[in-house]
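J.: Okay, here's the structure, questions in a sec.
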Amino acid sequence: MQLRQSLKLIKLGYIICLAAEIAIAAFWIVAQPQEPPVWAPMVIPIVLAMFVGIRHIRRRMTLITITPDRLRYEAGLFSKTIEMVELVKVQDVRVHQTFGQRLMAVGDISIETAGGSSRIVMTSIDNPQDAAEHILKLAQAAH
């Protein structure tokens, strides 16, 4: 099983940026103002789309892989951080959802382990309860 951050908020961000571009272009065509230049109002949605794109790239570079005996956490684009934890060492799995996350069926998962790295956190994943139950089942089977 692999866990990645949800694409729901990223898609929403892209849709909002596109809608803003279309609204500004439509206003520009209808109103035909002379000042400032045509491209100037388009800068704001483009900058917002860049932030959404950065979030999208960051999402692609964060991954939790769960095998029957281990949990592997990877994060990073240019420099990578990889943590491998035996499922026997998993002590607690927590799910936290804000009201907005509950409406979108996403949430944050926190995996507490025994040993040096005590907590692994993955934000905004789809169906976090199912993932937490799967991790706990595998951890109990590993004992």
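Chain labels follow the order of the structure tokens: the first chain is A, the next B, and so on; residue numbering restarts at 1 in every chain, and ligands are counted from 1 in their shown order.
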Pick out each residue of segment 36-81 of chain A that DSSP on the backbone tags as alpha helix (DSSP H); I need them as a ChimeraX atom specification.
T.: /A:43-60
J.: Taking the DSSP assignment computed from this structure's backbone, write out as a list in words all residues of segment 46-89 of chain A that belong to strand (DSSP E or B).
T.: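 These are the residues in question: Thr62, Leu63, Ile64, Thr65, Ile66, Arg70, Leu71, Arg72, Tyr73, Glu74, Ala75, Thr81, Ile82, Glu83, Met84, Val85 and Glu86 of chain A.
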J.: Residues at most 10 Å from segment 73-84 of chain A, counting only C-alpha atoms, excluding those fewer than 4 positions away in the same chain, as number ranges by chain?
T.: A: 2-3, 57-66, 117, 120-122
J.: Next, the residues of the selection above should be written as a tab-separated table (two decimals), in the first residue's frame with C-alpha atoms.
T.:
chain	number	residue	atom	x	y	z
A	2	GLN	CA	1.26	3.47	-0.85
A	3	LEU	CA	0.07	6.71	0.74
A	57	ILE	CA	5.48	18.82	-6.84
A	58	ARG	CA	5.93	18.55	-3.07
A	59	ARG	CA	3.03	16.09	-2.97
A	60	ARG	CA	4.65	13.91	-5.63
A	61	MET	CA	7.89	13.82	-3.65
A	62	THR	CA	6.35	12.58	-0.37
A	63	LEU	CA	5.40	8.92	-0.07
A	64	ILE	CA	4.72	6.30	2.59
A	65	THR	CA	5.04	2.69	1.41
A	66	ILE	CA	3.62	0.00	3.66
A	117	SER	CA	12.39	8.74	15.03
A	120	ILE	CA	5.99	10.22	11.05
A	121	VAL	CA	3.32	12.67	9.86
A	122	MET	CA	1.62	12.72	6.46
J.: Could you name the residues that touch segment 16-18 of chain A at 12 Å or less, counting only C-alpha atoms, but leaving out those on the same chain fewer than 4 positions away, as an mmCIF file with N, CA and C atoms, in the first residue's frame?
T.:
data_model
loop_
_atom_site.group_PDB
_atom_site.id
_atom_site.type_symbol
_atom_site.label_atom_id
_atom_site.label_comp_id
_atom_site.auth_asym_id
_atom_site.auth_seq_id
_atom_site.Cartn_x
_atom_site.Cartn_y
_atom_site.Cartn_z
ATOM 1 N N LEU A 9 -7.307 19.064 -3.038
ATOM 2 C CA LEU A 9 -7.076 20.491 -2.828
ATOM 3 C C LEU A 9 -6.223 21.093 -3.939
ATOM 4 N N ILE A 10 -5.316 20.312 -4.486
ATOM 5 C CA ILE A 10 -4.478 20.798 -5.577
ATOM 6 C C ILE A 10 -5.336 21.040 -6.816
ATOM 7 N N LYS A 11 -6.222 20.102 -7.130
ATOM 8 C CA LYS A 11 -7.127 20.287 -8.268
ATOM 9 C C LYS A 11 -8.014 21.510 -8.056
ATOM 10 N N LEU A 12 -8.514 21.683 -6.830
ATOM 11 C CA LEU A 12 -9.338 22.849 -6.517
ATOM 12 C C LEU A 12 -8.551 24.141 -6.730
ATOM 13 N N ILE A 22 -10.033 33.281 -16.435
ATOM 14 C CA ILE A 22 -11.170 33.451 -17.355
ATOM 15 C C ILE A 22 -11.985 34.685 -16.979
ATOM 16 N N ALA A 23 -12.218 34.881 -15.672
ATOM 17 C CA ALA A 23 -12.994 36.042 -15.225
ATOM 18 C C ALA A 23 -12.276 37.345 -15.558
ATOM 19 N N ILE A 24 -10.967 37.377 -15.353
ATOM 20 C CA ILE A 24 -10.212 38.594 -15.664
ATOM 21 C C ILE A 24 -10.211 38.848 -17.172
ATOM 22 N N ALA A 25 -10.027 37.783 -17.961
ATOM 23 C CA ALA A 25 -10.033 37.943 -19.425
ATOM 24 C C ALA A 25 -11.403 38.422 -19.907
ATOM 25 N N MET A 42 -3.353 39.487 -15.169
ATOM 26 C CA MET A 42 -3.188 38.034 -15.258
ATOM 27 C C MET A 42 -2.060 37.530 -14.356
ATOM 28 N N VAL A 43 -1.241 38.422 -13.843
ATOM 29 C CA VAL A 43 -0.086 38.021 -13.031
ATOM 30 C C VAL A 43 -0.527 37.348 -11.739
ATOM 31 N N ILE A 44 -1.565 37.862 -11.102
ATOM 32 C CA ILE A 44 -1.995 37.322 -9.804
ATOM 33 C C ILE A 44 -2.408 35.851 -9.909
ATOM 34 N N PRO A 45 -3.303 35.469 -10.840
ATOM 35 C CA PRO A 45 -3.641 34.044 -10.948
ATOM 36 C C PRO A 45 -2.446 33.170 -11.349
ATOM 37 N N ILE A 46 -1.537 33.708 -12.148
ATOM 38 C CA ILE A 46 -0.361 32.934 -12.540
ATOM 39 C C ILE A 46 0.538 32.677 -11.336
ATOM 40 N N VAL A 47 0.719 33.674 -10.495
ATOM 41 C CA VAL A 47 1.525 33.495 -9.284
ATOM 42 C C VAL A 47 0.848 32.478 -8.360
ATOM 43 N N LEU A 48 -0.473 32.569 -8.220
ATOM 44 C CA LEU A 48 -1.188 31.583 -7.400
ATOM 45 C C LEU A 48 -1.039 30.181 -7.973
ATOM 46 N N ALA A 49 -1.090 30.050 -9.293
ATOM 47 C CA ALA A 49 -0.917 28.749 -9.934
ATOM 48 C C ALA A 49 0.486 28.203 -9.693
ATOM 49 N N MET A 50 1.473 29.089 -9.610
ATOM 50 C CA MET A 50 2.833 28.640 -9.303
ATOM 51 C C MET A 50 2.903 28.047 -7.898
ATOM 52 N N PHE A 51 2.230 28.680 -6.930
ATOM 53 C CA PHE A 51 2.199 28.133 -5.575
ATOM 54 C C PHE A 51 1.502 26.776 -5.547
ATOM 55 N N VAL A 52 0.412 26.649 -6.290
ATOM 56 C CA VAL A 52 -0.288 25.362 -6.375
ATOM 57 C C VAL A 52 0.621 24.322 -7.037
ATOM 58 N N GLY A 53 1.348 24.730 -8.074
ATOM 59 C CA GLY A 53 2.276 23.821 -8.737
ATOM 60 C C GLY A 53 3.386 23.343 -7.810
#
J.: Report as a ChimeraX atom specification all protein, DNA and RNA residues lying within 12 Å of segment 132-137 of chain A, evaluated on only C-alpha atoms, omitting residues in the same chain fewer than 3 positions from it.
T.: /A:1-3,64-72,85-96,107-113,121-122,125-129,140-143
J.: In Å, with one decimal, what is the gap from atom CA of Leu138 of chain A to atom CA of Gln5 of chain A?
T.: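 Atom CA of Gln5 of chain A lies at a distance of 21.1 Å from atom CA of Leu138 of chain A.
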J.: What gap, in Å, lies between atom CA of Glu21 of chain A and atom CA of Ala105 of chain A?
T.: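 Taking atom CA of Glu21 of chain A as the start and atom CA of Ala105 of chain A as the end point, the length is 28.4 Å.
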J.: Do you have the atom CA of Phe99 of chain A-atom CA of Ala131 of chain A distance handy?
T.: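 Answer for the atom CA of Phe99 of chain A to atom CA of Ala131 of chain A separation: 19.1 Å.
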J.: Here is a test: counting only C-alpha atoms, which residue of A:Ile15, A:Ala20, A:Val30, A:Val106 is nearest to Thr123 of chain A?
T.: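 Checking each of A:Ile15, A:Ala20, A:Val30, A:Val106 against Thr123 of chain A, counting only C-alpha atoms, the winner is A:Val106.
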